[in-house]
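Have a look at upload-v6.pdb below; it lists PDB, C-alpha atoms.
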```
MODEL        1
ATOM      1  CA  MET D   8      -7.542   5.483 -31.375
ATOM      2  CA  PRO D   9      -5.456   3.031 -29.295
ATOM      3  CA  LEU D  10      -2.212   4.456 -27.972
ATOM      4  CA  LYS D  11       1.021   3.206 -29.468
ATOM      5  CA  PRO D  12       3.138   0.896 -27.292
ATOM      6  CA  PHE D  13       6.139   2.442 -25.559
ATOM      7  CA  LYS D  14       9.299   2.194 -27.616
ATOM      8  CA  GLN D  15      12.515   0.930 -26.097
ATOM      9  CA  ASN D  16      14.056   4.403 -26.158
ATOM     10  CA  ASP D  17      10.959   6.145 -24.781
ATOM     11  CA  ARG D  18      12.090   7.986 -21.652
ATOM     12  CA  ARG D  19       8.878   6.871 -19.949
ATOM     13  CA  ALA D  20       9.971   3.253 -20.287
ATOM     14  CA  THR D  21      13.023   3.481 -18.048
ATOM     15  CA  PRO D  22      14.156  -0.035 -16.982
ATOM     16  CA  ARG D  23      13.191  -0.819 -13.393
ATOM     17  CA  ILE D  24      12.602  -3.650 -10.970
ATOM     18  CA  ASP D  25       9.090  -4.932 -11.671
ATOM     19  CA  PHE D  26       7.287  -6.184  -8.578
ATOM     20  CA  ASP D  27       3.969  -6.963 -10.282
ATOM     21  CA  ALA D  28       4.058  -7.166 -14.050
ATOM     22  CA  GLY D  29       0.403  -8.262 -14.184
ATOM     23  CA  ILE D  30      -0.839  -4.965 -12.730
ATOM     24  CA  ASP D  31       1.460  -3.020 -15.059
ATOM     25  CA  ILE D  32      -0.010  -4.889 -18.031
ATOM     26  CA  LEU D  33      -3.498  -4.118 -16.741
ATOM     27  CA  GLY D  34      -2.591  -0.418 -16.715
ATOM     28  CA  ARG D  35      -1.583  -0.664 -20.359
ATOM     29  CA  ILE D  36      -4.855  -2.416 -21.207
ATOM     30  CA  VAL D  37      -6.732   0.488 -19.581
ATOM     31  CA  GLU D  38      -4.835   2.871 -21.870
ATOM     32  CA  VAL D  39      -5.635   0.873 -25.007
ATOM     33  CA  VAL D  40      -9.332   0.389 -24.209
ATOM     34  CA  SER D  41      -9.951   3.962 -23.004
ATOM     35  CA  GLY D  42      -7.649   5.744 -25.453
ATOM     36  CA  ARG D  43      -6.374   7.777 -22.497
ATOM     37  CA  PRO D  44      -3.021   7.862 -20.700
ATOM     38  CA  PHE D  45      -3.292   5.759 -17.554
ATOM     39  CA  GLU D  46      -2.666   8.655 -15.182
ATOM     40  CA  GLY D  47      -5.291  10.787 -16.944
ATOM     41  CA  PHE D  48      -7.860   7.996 -16.805
ATOM     42  CA  LEU D  49      -7.407   7.528 -13.053
ATOM     43  CA  HIS D  50      -7.573  11.259 -12.383
ATOM     44  CA  GLU D  51     -10.752  11.695 -14.415
ATOM     45  CA  ARG D  52     -12.600   8.508 -13.402
ATOM     46  CA  VAL D  53     -11.450   7.939  -9.809
ATOM     47  CA  PHE D  54      -9.403  10.625  -8.071
ATOM     48  CA  GLN D  55     -11.336  13.724  -9.118
ATOM     49  CA  PRO D  56     -14.843  12.318  -8.431
ATOM     50  CA  LEU D  57     -13.717  11.072  -5.007
ATOM     51  CA  GLY D  58     -11.923  14.294  -4.114
ATOM     52  CA  MET D  59      -8.531  12.557  -3.882
ATOM     53  CA  MET D  60      -6.576  15.716  -4.608
ATOM     54  CA  ASP D  61      -3.280  14.489  -3.124
ATOM     55  CA  THR D  62      -3.096  11.234  -5.088
ATOM     56  CA  THR D  63      -0.782  11.401  -8.087
ATOM     57  CA  PHE D  64       2.034   9.708  -9.959
ATOM     58  CA  TYR D  65       3.910  13.013 -10.204
ATOM     59  CA  PRO D  66       4.000  14.955  -6.901
ATOM     60  CA  THR D  67       4.531  18.698  -7.160
ATOM     61  CA  GLU D  68       7.435  20.352  -5.350
ATOM     62  CA  LYS D  69       4.991  21.500  -2.683
ATOM     63  CA  GLN D  70       3.612  17.981  -2.240
ATOM     64  CA  LEU D  71       7.130  16.563  -2.000
ATOM     65  CA  THR D  72       7.785  18.702   1.073
ATOM     66  CA  ARG D  73       5.167  16.524   2.823
ATOM     67  CA  LEU D  74       6.606  13.224   1.608
ATOM     68  CA  ALA D  75       6.900  10.701   4.436
ATOM     69  CA  THR D  76      10.407   9.656   5.388
ATOM     70  CA  MET D  77      11.329   6.053   4.667
ATOM     71  CA  TYR D  78      13.299   4.252   7.357
ATOM     72  CA  LEU D  79      15.752   1.371   7.491
ATOM     73  CA  LYS D  80      17.287  -0.372  10.503
ATOM     74  CA  ASP D  81      20.969   0.412  10.958
ATOM     75  CA  LYS D  82      22.818  -2.923  11.059
ATOM     76  CA  MET D  83      25.391  -1.602  13.530
ATOM     77  CA  THR D  84      23.160   0.163  16.061
ATOM     78  CA  GLY D  85      19.778  -1.494  15.440
ATOM     79  CA  LYS D  86      18.193   1.967  15.348
ATOM     80  CA  LEU D  87      15.968   3.299  12.586
ATOM     81  CA  VAL D  88      17.613   5.770  10.225
ATOM     82  CA  ALA D  89      16.304   7.660   7.222
ATOM     83  CA  ALA D  90      16.765   5.626   4.052
ATOM     84  CA  PRO D  91      18.948   7.155   1.325
ATOM     85  CA  SER D  92      17.293   8.003  -1.973
ATOM     86  CA  GLY D  93      17.284   5.065  -4.355
ATOM     87  CA  THR D  94      14.943   3.190  -6.643
ATOM     88  CA  ILE D  95      12.017   3.979  -4.322
ATOM     89  CA  GLY D  96      11.119   7.614  -4.829
ATOM     90  CA  PRO D  97      10.180  10.117  -7.521
ATOM     91  CA  PRO D  98      12.859  10.135 -10.237
ATOM     92  CA  LYS D  99      13.626  13.510 -11.753
ATOM     93  CA  ASP D 100      11.364  14.356 -14.717
ATOM     94  CA  ALA D 101       9.430  11.078 -14.338
ATOM     95  CA  ARG D 102       6.959  10.504 -17.156
ATOM     96  CA  TYR D 103       6.062   6.830 -16.787
ATOM     97  CA  PRO D 104       3.136   6.055 -14.434
ATOM     98  CA  ILE D 105       3.843   2.721 -12.747
ATOM     99  CA  PRO D 106       0.459   1.010 -12.180
ATOM    100  CA  ALA D 107       1.888  -1.586  -9.776
ATOM    101  CA  GLY D 108       3.445   0.887  -7.369
ATOM    102  CA  GLY D 109       3.901   4.454  -8.594
ATOM    103  CA  LEU D 110       1.144   6.423  -6.870
ATOM    104  CA  TYR D 111       1.668   8.833  -4.000
ATOM    105  CA  SER D 112      -1.268   9.410  -1.686
ATOM    106  CA  THR D 113      -2.354  10.416   1.822
ATOM    107  CA  GLY D 114      -4.387   8.872   4.625
ATOM    108  CA  PRO D 115      -7.473  11.029   3.940
ATOM    109  CA  ASP D 116      -7.370  10.236   0.216
ATOM    110  CA  LEU D 117      -7.050   6.506   0.849
ATOM    111  CA  ALA D 118      -9.941   6.724   3.304
ATOM    112  CA  ARG D 119     -12.146   8.059   0.505
ATOM    113  CA  LEU D 120     -11.130   5.205  -1.782
ATOM    114  CA  TYR D 121     -11.695   2.559   0.904
ATOM    115  CA  GLN D 122     -15.034   4.058   1.938
ATOM    116  CA  MET D 123     -16.117   3.917  -1.708
ATOM    117  CA  MET D 124     -15.271   0.213  -1.820
ATOM    118  CA  LEU D 125     -16.998  -0.408   1.522
ATOM    119  CA  ASN D 126     -20.083   1.346   0.124
ATOM    120  CA  GLY D 127     -20.170  -1.018  -2.849
ATOM    121  CA  GLY D 128     -18.592   1.340  -5.381
ATOM    122  CA  ALA D 129     -20.020   4.788  -4.595
ATOM    123  CA  LEU D 130     -19.256   7.777  -2.364
ATOM    124  CA  ASN D 131     -21.033  11.115  -1.968
ATOM    125  CA  ASN D 132     -23.409  10.382  -4.857
ATOM    126  CA  GLN D 133     -20.471   9.532  -7.140
ATOM    127  CA  ARG D 134     -20.666   6.047  -8.651
ATOM    128  CA  ILE D 135     -17.105   4.845  -9.384
ATOM    129  CA  LEU D 136     -17.728   1.094  -9.723
ATOM    130  CA  SER D 137     -20.890  -0.927 -10.086
ATOM    131  CA  ALA D 138     -21.846  -3.082  -7.114
ATOM    132  CA  GLU D 139     -21.425  -6.100  -9.392
ATOM    133  CA  SER D 140     -17.848  -5.054 -10.206
ATOM    134  CA  VAL D 141     -16.974  -4.648  -6.521
ATOM    135  CA  LYS D 142     -18.356  -8.109  -5.799
ATOM    136  CA  ALA D 143     -16.428  -9.632  -8.708
ATOM    137  CA  MET D 144     -13.197  -7.986  -7.524
ATOM    138  CA  THR D 145     -13.482  -9.075  -3.907
ATOM    139  CA  ILE D 146     -14.303 -12.782  -3.968
ATOM    140  CA  SER D 147     -11.595 -15.448  -3.911
ATOM    141  CA  TYR D 148     -10.878 -17.259  -7.168
ATOM    142  CA  THR D 149      -8.093 -19.453  -5.801
ATOM    143  CA  GLY D 150     -10.160 -22.000  -3.851
ATOM    144  CA  ASP D 151      -8.137 -23.933  -1.279
ATOM    145  CA  LEU D 152      -4.828 -23.189  -2.985
ATOM    146  CA  PRO D 153      -2.265 -21.379  -0.816
ATOM    147  CA  ALA D 154      -2.424 -17.747  -1.941
ATOM    148  CA  GLY D 155      -1.561 -14.304  -0.687
ATOM    149  CA  PHE D 156       1.208 -13.405   1.722
ATOM    150  CA  SER D 157      -0.216 -14.783   4.968
ATOM    151  CA  PRO D 158      -2.151 -17.938   5.941
ATOM    152  CA  GLY D 159      -5.862 -18.243   5.234
ATOM    153  CA  MET D 160      -5.859 -15.920   2.237
ATOM    154  CA  GLY D 161      -7.173 -16.210  -1.299
ATOM    155  CA  TRP D 162      -6.961 -13.855  -4.280
ATOM    156  CA  GLY D 163      -9.670 -11.842  -5.968
ATOM    157  CA  LEU D 164      -9.093  -9.322  -8.762
ATOM    158  CA  GLY D 165      -6.409  -7.049  -7.351
ATOM    159  CA  TRP D 166      -7.300  -7.783  -3.726
ATOM    160  CA  GLY D 167      -6.278 -10.405  -1.218
ATOM    161  CA  VAL D 168      -9.400 -12.009   0.301
ATOM    162  CA  VAL D 169      -9.669 -13.518   3.792
ATOM    163  CA  ARG D 170     -10.937 -17.092   3.495
ATOM    164  CA  LYS D 171     -10.097 -18.229   7.012
ATOM    165  CA  PRO D 172      -9.276 -15.529   9.583
ATOM    166  CA  GLU D 173      -6.025 -16.415  11.332
ATOM    167  CA  GLY D 174      -2.778 -14.754  12.334
ATOM    168  CA  VAL D 175      -2.787 -11.126  11.205
ATOM    169  CA  THR D 176      -6.397 -11.470   9.960
ATOM    170  CA  GLU D 177      -7.888 -13.263  12.971
ATOM    171  CA  MET D 178      -9.820 -10.147  14.013
ATOM    172  CA  LEU D 179     -11.462  -9.820  10.580
ATOM    173  CA  ALA D 180     -14.474 -11.634   9.159
ATOM    174  CA  PRO D 181     -14.339 -14.096   6.250
ATOM    175  CA  GLY D 182     -14.726 -12.097   3.054
ATOM    176  CA  ALA D 183     -12.706  -9.119   4.283
ATOM    177  CA  TYR D 184     -10.205  -7.993   1.662
ATOM    178  CA  GLY D 185      -7.175  -5.777   1.337
ATOM    179  CA  HIS D 186      -3.657  -5.320   0.066
ATOM    180  CA  GLY D 187      -0.186  -4.625   1.395
ATOM    181  CA  GLY D 188       2.681  -2.647  -0.060
ATOM    182  CA  GLY D 189       6.386  -3.122  -0.595
ATOM    183  CA  THR D 190       7.395  -0.747   2.214
ATOM    184  CA  GLY D 191       5.057  -2.173   4.850
ATOM    185  CA  PRO D 192       1.684  -0.388   4.446
ATOM    186  CA  GLN D 193      -1.521  -2.406   4.709
ATOM    187  CA  GLY D 194      -5.211  -1.793   4.198
ATOM    188  CA  TRP D 195      -8.211  -3.967   5.055
ATOM    189  CA  ILE D 196     -11.883  -3.569   4.216
ATOM    190  CA  ASP D 197     -14.351  -5.657   6.224
ATOM    191  CA  PRO D 198     -17.932  -5.395   4.887
ATOM    192  CA  GLU D 199     -19.353  -7.623   7.649
ATOM    193  CA  LYS D 200     -17.968  -5.397  10.394
ATOM    194  CA  ASN D 201     -18.577  -2.240   8.301
ATOM    195  CA  LEU D 202     -15.069  -0.880   8.749
ATOM    196  CA  PHE D 203     -11.811  -0.322   6.950
ATOM    197  CA  LEU D 204      -8.283  -0.129   8.335
ATOM    198  CA  ILE D 205      -5.305   1.708   6.849
ATOM    199  CA  MET D 206      -1.702   1.477   8.065
ATOM    200  CA  LEU D 207       0.821   3.791   6.414
ATOM    201  CA  ILE D 208       4.242   2.306   7.161
ATOM    202  CA  GLN D 209       7.532   3.205   5.444
ATOM    203  CA  ARG D 210       9.893   0.323   6.266
ATOM    204  CA  PRO D 211      11.109  -1.434   3.096
ATOM    205  CA  ASP D 212      13.381  -3.725   5.141
ATOM    206  CA  MET D 213      10.682  -5.115   7.458
ATOM    207  CA  SER D 214      11.182  -8.837   7.948
ATOM    208  CA  ARG D 215       8.069 -10.796   6.939
ATOM    209  CA  ALA D 216       6.095  -7.543   6.783
ATOM    210  CA  ASP D 217       2.801  -9.261   5.980
ATOM    211  CA  GLU D 218       2.938 -11.188   9.256
ATOM    212  CA  SER D 219       4.661  -8.504  11.343
ATOM    213  CA  ARG D 220       3.556  -7.679  14.883
ATOM    214  CA  ILE D 221       2.421  -4.185  13.918
ATOM    215  CA  ARG D 222       0.158  -5.561  11.184
ATOM    216  CA  HIS D 223      -1.421  -7.786  13.806
ATOM    217  CA  ALA D 224      -1.573  -5.332  16.721
ATOM    218  CA  PHE D 225      -3.064  -2.333  14.918
ATOM    219  CA  PRO D 226      -6.077  -4.091  13.332
ATOM    220  CA  ALA D 227      -6.717  -5.973  16.572
ATOM    221  CA  ALA D 228      -6.751  -2.714  18.570
ATOM    222  CA  ALA D 229      -8.945  -0.960  16.004
ATOM    223  CA  VAL D 230     -11.514  -3.774  15.857
ATOM    224  CA  GLU D 231     -11.598  -3.982  19.641
ATOM    225  CA  ALA D 232     -12.142  -0.205  19.910
ATOM    226  CA  MET D 233     -15.128  -0.475  17.557
ATOM    227  CA  LYS D 234     -16.843  -2.755  20.083
ATOM    228  CA  LYS D 235     -16.841  -0.081  22.796
TER     229      LYS D 235
ENDMDL
END
```
Represent the structure contained in this file as structure tokens.
Amino acid sequence: MPLKPFKQNDRRATPRIDFDAGIDILGRIVEVVSGRPFEGFLHERVFQPLGMMDTTFYPTEKQLTRLATMYLKDKMTGKLVAAPSGTIGPPKDARYPIPAGGLYSTGPDLARLYQMMLNGGALNNQRILSAESVKAMTISYTGDLPAGFSPGMGWGLGWGVVRKPEGVTEMLAPGAYGHGGGTGPQGWIDPEKNLFLIMLIQRPDMSRADESRIRHAFPAAAVEAMKK
């Protein structure tokens, strides 16, 4: 039976800044089609089969002790300081999984997810996506239209796709794909070079994060190291 829509007074539907309403709507569609809460569907169909045991919408108290510190640049000194708690972080008694940006994860867990995508949808004899689905998700549907957050990009289904390597993607091959985050993280998967890159950055105030020097320098160094 399809789940009922959230009511206005449902404590899971707390008003918030919505950075990507399309992905949030997609999460709701998953609930309706599967008849499962979104967080339960992901745990059962993705996280558990891949062994992503530290990926969750609701970190435990023990997991929160390992939560990475988020930093901001102090306007007076120019130095990085720990960001105060605010809209970014686990609200007390949270019950609403935010598809567009509510998951907590770790480097090793993300590596499993990215390796699965690089493998065409499977990892360790666990088939998560069909090869056809991976292909459909990771081709550009935007043609020559300007898309993405840096030059030479197009958009697939949930992934930015490199059409013309340049700038921060100049070390990648055409057809590489990935996605950035609101606090500066970035991941790339390059099937032609058979590699993936993950940067876990916690700087919500980074200026032009998608074209930042660190997002250029790290992939360049990693790709160069693979040649040796």
Practice item. Find the residues near Gly188 in chain D: any atom within 10 Å, counting all atoms listed in the file, skip ones fewer than 6 places away on the same chain, and give them as a PyMOL selection string. Key: chain D and resi 107-108+194+207-209+211+216-217
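Counting from CA of Leu49 in chain D, the distance to CA of Gly128 in chain D is 14.9 Å.
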**Study point:** Evaluate the PyMOL selection byres ((chain D and resi 133-142) around 8) and report residues as number ranges by chain
**Key:** D: 52-53, 56-57, 123-124, 127-132, 143-146
Put those residues in a file: C-alpha atoms, as a PDB file, in the frame of the given file.
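As a result, result-v3.pdb now contains:
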```pdb
ATOM      1  CA  ARG D  52     -12.600   8.508 -13.402  1.00  0.00           C
ATOM      2  CA  VAL D  53     -11.450   7.939  -9.809  1.00  0.00           C
ATOM      3  CA  PRO D  56     -14.843  12.318  -8.431  1.00  0.00           C
ATOM      4  CA  LEU D  57     -13.717  11.072  -5.007  1.00  0.00           C
ATOM      5  CA  MET D 123     -16.117   3.917  -1.708  1.00  0.00           C
ATOM      6  CA  MET D 124     -15.271   0.213  -1.820  1.00  0.00           C
ATOM      7  CA  GLY D 127     -20.170  -1.018  -2.849  1.00  0.00           C
ATOM      8  CA  GLY D 128     -18.592   1.340  -5.381  1.00  0.00           C
ATOM      9  CA  ALA D 129     -20.020   4.788  -4.595  1.00  0.00           C
ATOM     10  CA  LEU D 130     -19.256   7.777  -2.364  1.00  0.00           C
ATOM     11  CA  ASN D 131     -21.033  11.115  -1.968  1.00  0.00           C
ATOM     12  CA  ASN D 132     -23.409  10.382  -4.857  1.00  0.00           C
ATOM     13  CA  ALA D 143     -16.428  -9.632  -8.708  1.00  0.00           C
ATOM     14  CA  MET D 144     -13.197  -7.986  -7.524  1.00  0.00           C
ATOM     15  CA  THR D 145     -13.482  -9.075  -3.907  1.00  0.00           C
ATOM     16  CA  ILE D 146     -14.303 -12.782  -3.968  1.00  0.00           C
TER      17      ILE D 146
END
```
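You will find CA of Gly58 in chain D at 12.8 Å from CA of Tyr121 in chain D.
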Practice item. Run the PyMOL selection byres ((chain D and resi 46) around 9) mentally over the shown coordinates, then write out the matched residues as a ChimeraX atom specification, using the chain letters and numbers from the document. Key: /D:43-45,47-51,63-64,104,106
Could you dump the residues just selected with C-alpha atoms as a PDB file, in the coordinates of the input?
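Written out: selection_6.pdb:
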```pdb
ATOM      1  CA  ARG D  43      -6.374   7.777 -22.497  1.00  0.00           C
ATOM      2  CA  PRO D  44      -3.021   7.862 -20.700  1.00  0.00           C
ATOM      3  CA  PHE D  45      -3.292   5.759 -17.554  1.00  0.00           C
ATOM      4  CA  GLY D  47      -5.291  10.787 -16.944  1.00  0.00           C
ATOM      5  CA  PHE D  48      -7.860   7.996 -16.805  1.00  0.00           C
ATOM      6  CA  LEU D  49      -7.407   7.528 -13.053  1.00  0.00           C
ATOM      7  CA  HIS D  50      -7.573  11.259 -12.383  1.00  0.00           C
ATOM      8  CA  GLU D  51     -10.752  11.695 -14.415  1.00  0.00           C
ATOM      9  CA  THR D  63      -0.782  11.401  -8.087  1.00  0.00           C
ATOM     10  CA  PHE D  64       2.034   9.708  -9.959  1.00  0.00           C
ATOM     11  CA  PRO D 104       3.136   6.055 -14.434  1.00  0.00           C
ATOM     12  CA  PRO D 106       0.459   1.010 -12.180  1.00  0.00           C
TER      13      PRO D 106
END
```
Review point. Any idea what's packed within 6 Å of range 158-170 of chain D, counting all atoms listed in the file, ignoring anything in its chain fewer than 3 positions away? Could you give it as a VMD selection string?
Key: chain D and resid 144 to 149 154 to 155 181 to 186
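Taking CA of Asp100 in chain D and CA of Leu71 in chain D as endpoints, the distance between them is 13.6 Å.
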Exercise for review: Evaluate the PyMOL selection byres ((chain D and resi 197) around 9) and record the selected residues as a PyMOL selection string, following the chain and residue labels used in the document.
Suggested key: chain D and resi 125+179-185+195-196+198-204
Would you compute the box with edges along x, y and z of the file around range 108-121 of chain D, including every atom the file lists for it and 8 Å extra on each side, and give its centre and edge lengths in Å to one decimal, as lines of an AutoDock Vina configuration file?
```
center_x = -4.1
center_y = 6.0
center_z = -2.0
size_x = 32.0
size_y = 26.1
size_z = 29.2
```
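With distances restricted to only C-alpha atoms, D:Glu218 is the closest residue to Thr176 in chain D from D:Glu218, D:Asp212, D:Glu38, D:Asp81.
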Check your understanding: Quick one: residues within 12 Å of Leu87 in chain D, all atoms listed in the file counted, chain neighbours fewer than 3 positions away excluded, as a ChimeraX atom specification?
Key -> /D:76-84,90,209-213
**Study point:** 10 Å contact set for His223 in chain D, all atoms listed in the file, chain neighbours under 4 positions out, as a VMD selection string
**Key:** chain D and resid 174 to 178 217 to 219 227 to 228
Practice item. Find the spatial neighbours of Leu74 in chain D, counting all atoms listed in the file, within a cut-off of 12 Å - ignore same-chain residues fewer than 6 positions away - and output them as a ChimeraX atom specification. Key: /D:61-62,66-68,96-97,111-113,209
